[in-house]
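**Student:** Take a look at this one; I'll ask things after.
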Amino acid sequence: MSDPRFAIAVGRFYADLSERLVAGAQRAFAAAGAGEADVYDVPGAFELPLAAQYLAATGRYAGVACLGAVIRGETDHYDYVCAEAARGIQDVQLRTGVPCAFGVLTVENMEQALARAGGGKRDQGEHAAQAVLRLAALRAELASV
């Protein structure tokens, strides 16, 4: 892939957090000279693996940053969504060879989410894009050897 393109799949359940995560990822892609990534919305984190699969299968993208947030509630729903989103995203990248980063906030409360969505401690969107960029570069390096 001479001019690699990147995609962002984003769960929109928490719209404000999603916007922050996408902004962080776009900053990282731009800083790396990769231009603006194409953004694809899905309802929530649980749907990210299938979106990543669709995007990877197109052959258009060198990598996919999967972004979203899951905030713990009063039921076991949190555990199922987090585990399946992580497992599914990992499965897609292992099956396709297309890097798919897990940029999903898995937090106890909104305060923790905001701190990790470019609000101080870290920017999970930026880190997910950086992971995708590095793995795409590694893949390209190995393909040219």
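Residue numbering restarts at 1 for every chain of the structure tokens, chains are lettered A, B, ... in their displayed order, and ligands are numbered from 1 as they appear.
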For the helix (DSSP H, G or I) assignment from backbone DSSP, which residues of chain A qualify? Please present them as a VMD selection string.
**Tutor:** chain A and resid 15 to 31 45 to 58 77 to 96 110 to 116 124 to 143
**Student:** Just the residues within 12 Å of A:Leu138, please, counting only C-alpha atoms, with nothing from its chain fewer than 6 positions along; format it as a list of chain:residue names.
**Tutor:**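 Near neighbours after the sequence-gap exclusion: A:Ala62, A:Gly63, A:Gly97, A:Val98, A:Pro99, A:Ala131, A:Val132, A:Ser144, A:Val145.
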**Student:** Can you pull out every residue within 9 Å of stretch 107-116 of chain A, counting only C-alpha atoms, but drop anything in the same chain fewer than 4 positions away, and send it as JSON, numbers by chain?
**Tutor:** {"A": [17, 20, 21, 69, 70, 71, 72, 73, 120, 121, 122, 123, 124, 125]}
**Student:** Could you tell me, as a PyMOL selection string, which residues of chain A DSSP assigns to strand (DSSP E) when given the backbone?
**Tutor:** chain A and resi 6-11+38-42+63-71+100-107
**Student:** Using only C-alpha atoms for the distances, tell me which of A:Ile8, A:Ala23, A:Ala143, A:Ala34 is nearest to A:Phe102.
**Tutor:** A:Ile8
**Student:** Determine, counting only C-alpha atoms, which protein, DNA and RNA residues have an atom within 9 Å of an atom of A:Leu67; residues of the same chain fewer than 2 positions away are not included. Present the result as an MDAnalysis selection string.
**Tutor:** chainID A and resid 8:12 18 21:22 25 45 48 65 69 101:105 124:125 128
**Student:** Of the candidates A:Gly59, A:Gly24, A:Gly88, A:Gly68, which shows the shortest atom-to-atom distance to A:Asp41, using only C-alpha atoms?
**Tutor:**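 Answer, going by the shortest atom-to-atom distance: A:Gly68.
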**Student:** I'd like the interatomic distance between atom CA of A:Asp76 and atom CA of A:Phe13, to a tenth of an Å.
**Tutor:**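 Between atom CA of A:Asp76 and atom CA of A:Phe13 the gap works out to 17.5 Å.
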**Student:** Can you pull out every residue within 9 Å of A:Ala37, counting only C-alpha atoms, but drop anything in the same chain fewer than 6 positions away, and send it as a ChimeraX atom specification?
**Tutor:** /A:5-8,25-26,29-30,64
**Student:** Residues near A:Asp3, anyone? I mean within 12 Å using only C-alpha atoms, not counting same-chain ones fewer than 5 positions away, as a list in words.
**Tutor:**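 Here the qualifying residues turn out to be Gly33, Ala34, Gly35, Arg60, Tyr61, Ala62, Ala136, Ala137 and Ala140 of chain A.
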